[in-house]
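Pasted below: input-v8.txt, compact mmCIF, C-alpha atoms.
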# COMPACT_ATOMS: atom_id res chain seq x y z
CA MET R 1 -1.59 12.73 8.65
CA SER R 2 -4.44 14.98 9.96
CA LEU R 3 -7.05 12.65 8.42
CA PHE R 4 -5.51 9.65 10.15
CA ILE R 5 -5.45 11.43 13.51
CA ALA R 6 -9.06 12.57 13.08
CA LEU R 7 -10.25 9.05 12.28
CA ALA R 8 -8.29 7.58 15.17
CA ALA R 9 -9.71 10.18 17.58
CA PHE R 10 -13.27 9.52 16.36
CA MET R 11 -12.90 5.75 16.79
CA THR R 12 -11.42 6.21 20.26
CA LEU R 13 -14.26 8.50 21.36
CA ALA R 14 -16.82 6.04 19.98
CA ALA R 15 -15.23 3.21 21.96
CA ILE R 16 -15.19 5.33 25.14
CA ALA R 17 -18.86 6.23 24.72
CA TRP R 18 -19.81 2.60 24.10
CA ILE R 19 -18.14 1.52 27.36
CA VAL R 20 -18.78 4.54 29.61
CA LEU R 21 -22.43 5.41 28.90
CA PRO R 22 -23.82 2.14 30.35
CA LEU R 23 -21.77 2.75 33.50
CA LEU R 24 -23.28 6.22 33.95
CA ARG R 25 -26.88 5.03 33.67
CA PRO R 26 -28.61 4.51 37.07
CA ALA R 27 -29.04 0.89 37.98
CA ALA R 28 -32.53 -0.35 37.24
CA SER R 29 -34.49 -1.44 40.27
CA ASN R 30 -35.79 -5.01 40.24
CA GLY R 31 -39.03 -3.82 41.90
CA VAL R 32 -38.84 -6.39 44.73
CA SER R 33 -38.44 -5.35 48.40
CA SER R 34 -37.24 -7.98 50.86
CA GLN R 35 -39.35 -6.37 53.58
CA ARG R 36 -42.49 -6.49 51.45
CA LEU R 37 -41.74 -10.05 50.45
CA ASN R 38 -41.40 -11.12 54.10
CA ALA R 39 -44.59 -9.30 55.04
CA ALA R 40 -46.49 -11.03 52.27
CA ILE R 41 -45.22 -14.44 53.41
CA TYR R 42 -46.21 -13.85 57.00
CA ARG R 43 -49.58 -12.49 55.90
CA ASP R 44 -50.25 -15.73 54.05
CA GLN R 45 -49.20 -17.72 57.11
CA LEU R 46 -51.56 -15.72 59.34
CA GLU R 47 -54.44 -16.24 56.93
CA ALA R 48 -53.72 -19.98 56.89
CA LEU R 49 -53.63 -19.96 60.70
CA ASP R 50 -57.05 -18.26 60.81
CA ARG R 51 -58.44 -20.85 58.41
CA ASP R 52 -57.15 -23.67 60.64
CA LEU R 53 -58.85 -22.09 63.67
CA ALA R 54 -62.13 -21.73 61.76
CA SER R 55 -62.02 -25.33 60.64
CA GLY R 56 -61.22 -26.56 64.15
CA ALA R 57 -57.82 -27.90 63.17
CA ILE R 58 -56.19 -26.03 66.08
CA SER R 59 -57.42 -24.77 69.41
CA PRO R 60 -57.88 -21.07 70.17
CA ALA R 61 -54.94 -21.18 72.59
CA ASP R 62 -52.61 -22.67 69.94
CA HIS R 63 -53.95 -20.19 67.41
CA GLU R 64 -53.16 -17.23 69.67
CA ALA R 65 -49.67 -18.53 70.60
CA THR R 66 -48.75 -19.21 66.98
CA ARG R 67 -50.13 -15.86 65.88
CA ASP R 68 -48.02 -14.02 68.45
CA GLU R 69 -44.92 -15.92 67.33
CA LEU R 70 -45.54 -15.07 63.67
CA GLN R 71 -46.06 -11.40 64.48
CA LEU R 72 -42.80 -11.27 66.45
CA ARG R 73 -40.91 -12.91 63.59
CA LEU R 74 -42.52 -10.48 61.13
CA LEU R 75 -41.44 -7.50 63.20
CA ASP R 76 -37.93 -8.88 63.47
CA ASP R 77 -37.54 -9.64 59.75
CA THR R 78 -39.04 -6.38 58.53
CA ALA R 79 -37.22 -4.11 60.98
CA GLU R 80 -35.16 -1.46 59.12
CA ASP R 81 -31.37 -1.87 59.33
CA PRO R 82 -30.03 1.34 60.94
CA GLN R 83 -26.82 1.19 58.84
CA ALA R 84 -28.77 0.62 55.66
CA ALA R 85 -30.98 3.57 56.49
CA THR R 86 -28.05 5.98 56.80
CA THR R 87 -25.66 4.57 54.16
CA PRO R 88 -26.61 4.66 50.45
CA ALA R 89 -26.16 1.47 48.48
CA ALA R 90 -22.77 1.34 46.83
CA SER R 91 -20.35 -1.16 45.36
CA GLY R 92 -17.28 0.03 47.24
CA PHE R 93 -14.81 2.77 46.27
CA TRP R 94 -14.95 1.95 42.55
CA GLY R 95 -18.51 2.96 41.87
CA SER R 96 -19.91 3.18 38.36
CA ARG R 97 -19.05 6.88 37.96
CA ARG R 98 -15.45 6.46 39.08
CA MET R 99 -15.10 3.41 36.87
CA ALA R 100 -16.44 5.41 33.91
CA GLY R 101 -13.91 8.18 34.57
CA LEU R 102 -11.08 5.67 34.81
CA VAL R 103 -12.06 4.07 31.49
CA ALA R 104 -12.34 7.47 29.78
CA LEU R 105 -8.84 8.36 30.99
CA LEU R 106 -7.05 5.08 30.40
CA LEU R 107 -8.52 3.96 27.06
CA PRO R 108 -6.99 6.71 24.87
CA THR R 109 -3.74 6.54 26.85
CA VAL R 110 -3.43 2.79 26.40
CA ALA R 111 -4.42 3.02 22.71
CA ALA R 112 -1.78 5.68 22.02
CA GLY R 113 0.84 3.70 23.92
CA MET R 114 0.09 0.53 21.97
CA TYR R 115 0.30 2.40 18.67
CA TYR R 116 3.64 3.99 19.50
CA GLY R 117 4.92 0.65 20.73
CA LEU R 118 3.59 -1.60 17.96
CA GLY R 119 2.76 0.76 15.11
CA ASP R 120 4.88 3.05 12.96
CA PRO R 121 4.58 6.62 14.22
CA ALA R 122 7.22 7.77 11.74
CA ALA R 123 4.78 7.01 8.94
CA LEU R 124 2.73 10.04 10.09
CA ASN R 125 5.68 12.27 9.17
CA PRO R 126 6.54 12.09 5.45
CA ALA R 127 10.00 13.57 6.03
CA ALA R 128 10.75 11.04 8.76
CA ALA R 129 9.42 8.21 6.60
CA ARG R 130 11.61 9.35 3.70
CA THR R 131 14.66 9.49 5.97
CA ALA R 132 13.88 6.00 7.26
CA ASN R 133 13.62 4.69 3.68
CA GLU R 134 16.91 6.32 2.75
CA GLN R 135 18.60 4.74 5.75
CA GLN R 136 17.19 1.37 4.74
CA VAL R 137 18.56 1.76 1.21
CA ILE R 138 21.97 2.75 2.55
CA GLN R 139 22.02 -0.32 4.78
CA MET R 140 21.13 -2.56 1.84
CA VAL R 141 23.88 -1.05 -0.32
CA GLU R 142 26.45 -1.39 2.46
CA SER R 143 25.39 -4.99 2.99
CA LEU R 144 25.88 -5.73 -0.73
CA ALA R 145 29.30 -4.05 -0.67
CA ALA R 146 30.35 -6.20 2.29
CA LYS R 147 29.24 -9.39 0.53
CA LEU R 148 31.14 -8.44 -2.64
CA LYS R 149 34.24 -7.65 -0.61
CA ALA R 150 34.09 -11.14 0.83
CA ASN R 151 33.24 -12.72 -2.54
CA PRO R 152 34.46 -10.40 -5.33
CA ASP R 153 33.86 -12.90 -8.17
CA ASN R 154 30.34 -11.60 -8.86
CA PRO R 155 30.17 -9.31 -11.94
CA LYS R 156 26.42 -8.79 -11.72
CA GLY R 157 26.73 -7.87 -8.06
CA TRP R 158 29.40 -5.27 -8.85
CA ALA R 159 27.24 -3.84 -11.63
CA MET R 160 24.29 -3.56 -9.25
CA LEU R 161 26.48 -1.93 -6.61
CA ALA R 162 27.88 0.50 -9.19
CA ARG R 163 24.42 1.65 -10.27
CA SER R 164 23.39 2.04 -6.63
CA TYR R 165 26.46 4.14 -5.87
CA LYS R 166 25.76 6.26 -8.95
CA VAL R 167 22.19 6.98 -7.87
CA MET R 168 23.45 7.89 -4.39
CA GLY R 169 25.98 10.32 -5.90
CA ARG R 170 29.00 8.32 -4.72
CA VAL R 171 30.75 8.72 -8.06
CA ASP R 172 34.23 7.48 -7.13
CA GLU R 173 32.88 4.28 -5.59
CA ALA R 174 30.55 3.79 -8.54
CA GLU R 175 33.45 3.98 -11.02
CA GLN R 176 35.46 1.46 -9.00
CA ALA R 177 32.50 -0.91 -8.89
CA TYR R 178 31.93 -0.62 -12.66
CA ALA R 179 35.58 -1.39 -13.26
CA LYS R 180 35.08 -4.67 -11.37
CA ALA R 181 31.82 -5.56 -13.17
CA GLY R 182 33.77 -6.98 -16.12
CA ALA R 183 31.70 -9.45 -18.12
CA ALA R 184 28.43 -8.12 -16.73
CA LEU R 185 28.89 -5.00 -18.90
CA ASP R 186 29.75 -6.65 -22.18
CA GLY R 187 26.28 -7.78 -23.25
CA ASN R 188 24.19 -5.19 -21.42
CA PRO R 189 23.66 -1.90 -23.30
CA ASP R 190 21.93 -0.31 -20.30
CA LEU R 191 24.98 -0.86 -18.10
CA LEU R 192 27.36 0.27 -20.85
CA VAL R 193 25.45 3.53 -21.32
CA ASP R 194 25.19 4.04 -17.57
CA TYR R 195 28.93 3.55 -17.18
CA ALA R 196 29.59 5.91 -20.10
CA GLU R 197 27.41 8.58 -18.52
CA LEU R 198 29.28 8.25 -15.24
CA LEU R 199 32.66 8.65 -16.93
CA ALA R 200 31.40 11.62 -18.94
CA VAL R 201 30.20 13.37 -15.78
CA ARG R 202 33.62 12.84 -14.20
CA ALA R 203 35.19 14.32 -17.36
CA GLN R 204 33.18 17.54 -17.14
CA ASN R 205 30.45 16.16 -19.41
CA ARG R 206 32.86 15.41 -22.24
CA MET R 207 32.26 12.25 -24.28
CA GLU R 208 35.72 11.77 -25.84
CA GLY R 209 37.63 8.63 -25.14
CA ARG R 210 36.24 5.83 -23.00
CA PRO R 211 32.65 7.18 -22.74
CA VAL R 212 32.06 7.24 -26.51
CA GLU R 213 33.66 3.80 -26.85
CA LEU R 214 31.15 2.40 -24.36
CA VAL R 215 28.26 4.10 -26.20
CA ARG R 216 29.32 2.66 -29.55
CA LYS R 217 29.55 -0.78 -27.98
CA ALA R 218 26.03 -0.36 -26.61
CA LEU R 219 24.75 0.62 -30.09
CA SER R 220 26.42 -2.44 -31.61
CA ILE R 221 24.26 -4.54 -29.29
CA ASP R 222 21.08 -2.45 -29.63
CA PRO R 223 21.13 0.06 -32.52
CA ASP R 224 17.87 1.66 -31.33
CA HIS R 225 18.88 2.15 -27.70
CA PRO R 226 17.47 5.64 -26.88
CA SER R 227 20.06 6.71 -24.32
CA ALA R 228 22.92 5.47 -26.47
CA LEU R 229 21.58 7.40 -29.48
CA MET R 230 21.23 10.55 -27.40
CA MET R 231 24.78 10.28 -26.06
CA SER R 232 26.17 9.41 -29.47
CA GLY R 233 24.59 12.60 -30.85
CA VAL R 234 26.06 14.58 -27.96
CA ALA R 235 29.52 13.14 -28.68
CA ALA R 236 29.23 14.17 -32.36
CA TYR R 237 27.97 17.63 -31.44
CA GLN R 238 30.89 18.21 -29.05
CA LEU R 239 33.27 17.37 -31.91
CA ASN R 240 31.44 19.89 -34.17
CA ASP R 241 30.17 16.99 -36.27
CA PHE R 242 26.73 18.53 -36.54
CA ASP R 243 25.64 16.31 -39.41
CA GLY R 244 26.54 13.27 -37.30
CA ALA R 245 24.53 14.70 -34.41
CA VAL R 246 21.57 15.24 -36.77
CA ARG R 247 21.69 11.61 -37.93
CA GLU R 248 21.79 10.22 -34.40
CA TRP R 249 19.01 12.45 -33.09
CA GLU R 250 16.79 11.87 -36.12
CA LYS R 251 17.06 8.16 -35.46
CA LEU R 252 16.40 8.78 -31.78
CA LEU R 253 13.30 10.83 -32.59
CA SER R 254 11.93 7.93 -34.65
CA VAL R 255 12.01 5.55 -31.66
CA LEU R 256 10.60 7.97 -29.08
CA GLU R 257 6.91 8.35 -28.31
CA PRO R 258 5.57 11.31 -30.32
CA GLY R 259 4.67 14.27 -28.12
CA SER R 260 6.58 12.99 -25.10
CA GLU R 261 8.93 15.24 -23.14
CA ASP R 262 11.94 13.28 -24.44
CA ALA R 263 10.69 13.72 -27.99
CA LYS R 264 10.26 17.48 -27.51
CA MET R 265 13.74 17.86 -26.04
CA THR R 266 15.26 15.76 -28.83
CA GLN R 267 13.47 17.89 -31.44
CA GLU R 268 14.93 21.04 -29.91
CA ASN R 269 18.44 19.56 -29.98
CA LEU R 270 17.90 18.35 -33.52
CA ASP R 271 16.77 21.80 -34.70
CA GLU R 272 19.81 23.41 -33.11
CA ALA R 273 22.15 20.86 -34.70
CA ARG R 274 20.61 21.53 -38.14
CA VAL R 275 21.07 25.28 -37.68
CA ARG R 276 24.70 24.81 -36.67
CA SER R 277 25.28 22.52 -39.65
CA GLN R 278 23.88 25.13 -42.05
CA GLU R 279 25.96 27.86 -40.41
CA ALA R 280 29.08 25.74 -40.80
CA ARG R 281 28.35 25.21 -44.50
CA LYS R 282 27.79 28.91 -45.10
CA SER R 283 31.03 29.80 -43.38
CA GLY R 284 32.87 27.31 -45.60
CA ALA R 285 33.92 25.20 -42.60
CA LYS R 286 33.55 21.45 -42.59
CA PRO R 287 30.24 20.63 -40.85
Write out the structure in this file as C-alpha cells.
Amino acid sequence: MSLFIALAAFMTLAAIAWIVLPLLRPAASNGVSSQRLNAAIYRDQLEALDRDLASGAISPADHEATRDELQLRLLDDTAEDPQAATTPAASGFWGSRRMAGLVALLLPTVAAGMYYGLGDPAALNPAAARTANEQQVIQMVESLAAKLKANPDNPKGWAMLARSYKVMGRVDEAEQAYAKAGAALDGNPDLLVDYAELLAVRAQNRMEGRPVELVRKALSIDPDHPSALMMSGVAAYQLNDFDGAVREWEKLLSVLEPGSEDAKMTQENLDEARVRSQEARKSGAKP
C-alpha cells in the first residue's frame, strides 16, 4: 500500500511540475517596441521627403509643411500612455502565478477524487479487500441457494452448494444440501469423502455408520483415493483394528509424494498404529 501511495504521489508531483513551471517563468520579450517601430517608420519618411526636396520633386514650402505634419504625427504616435506608464502589464486577475497556484492545488485534489470515485480504494487495505471478497462469495452462495430452491432438480448444484456451505462452516445447511445431491454423489469419490468427513465431524469425529459407508463406496470407485484411504485407516484405528489401519496407511503412503507433509504425517500415524498393534499382540488381545 505504501509503495502504491509513494508512486502515485511522485507521478502527481511530476505532473504538477510539468504544468506549473512554465507558468512561473517570466514571459519572454519579443524585442520589438511599438514606439521604436513608429519612430523608425517616420524617420524613413522624413529621409524620403528630404530626398524629394533635393531632387526637386517638391517645393521647399511643401517640404516644410509635410515635414511638420510628419513630426506632429510622430509625436502623437510615440507619446507614452499615462495608464500604461503607471500600470504593469498583466493578463487580468488570473495571472500566471495565480494560475500556477490553482493548478498545484486542484490537480492532486481532482486526481484523488477521480481515484476514489472510479478506482478501488478498498484494494489499498488488505483486510477491507478480504472482507469484500468474503461478501462476494456469500452473495454467490446465496444466489445459488435461491436458484436451487426455485429449481431443486439439480444434483450437481446441490453438491456444489453443500461443499460451499461446508467451507463456510455452515454444517447443518451443508448436510441438508448433500442429502439433496443424490445421484451427483454416487460416481464422485471426492464428494463421497467430503460428505463422509462432514458427517464424521458432526458425530464428534467418529467414523462409524454412514461416514465409513461413504468412504468404502469412494474406495470402490477409486481404490487409491488418498483422502478415502486416510479416513478408512482412521475408521479402523477407532475400532482398535490396528492391523487394518496399518494396511490402509501403508497403501496411502505408497501413493503420496515422498517427503511431503502429508507423507510425513501418514508415516507418523503408521508408526503409531504399528506400535499399538504390537502392544495388542503382547497383551494377548486381538489386534
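The coordinates place CA of Ala183 in chain R at 29.8 Å from CA of Gln238 in chain R.
Across R:Gln136, R:Ser254, R:Asn240, R:Ser232, the tightest approach to Met207 in chain R is made by R:Ser232 when counting only C-alpha atoms.
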task: Kindly give the distance, in Å, that separates CA of Arg206 in chain R and CA of Pro258 in chain R, rounded to a single decimal.
output: 28.8 Å
- prompt: So how far away is CA of Met230 in chain R from CA of Gly259 in chain R, in Å?
  reply: 17.0 Å
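Each of R:Gly182, R:Gly244, R:Pro189, R:Gly209 was checked against Pro223 in chain R using all atoms listed in the file; the smallest atom-to-atom distance is that of R:Pro189.
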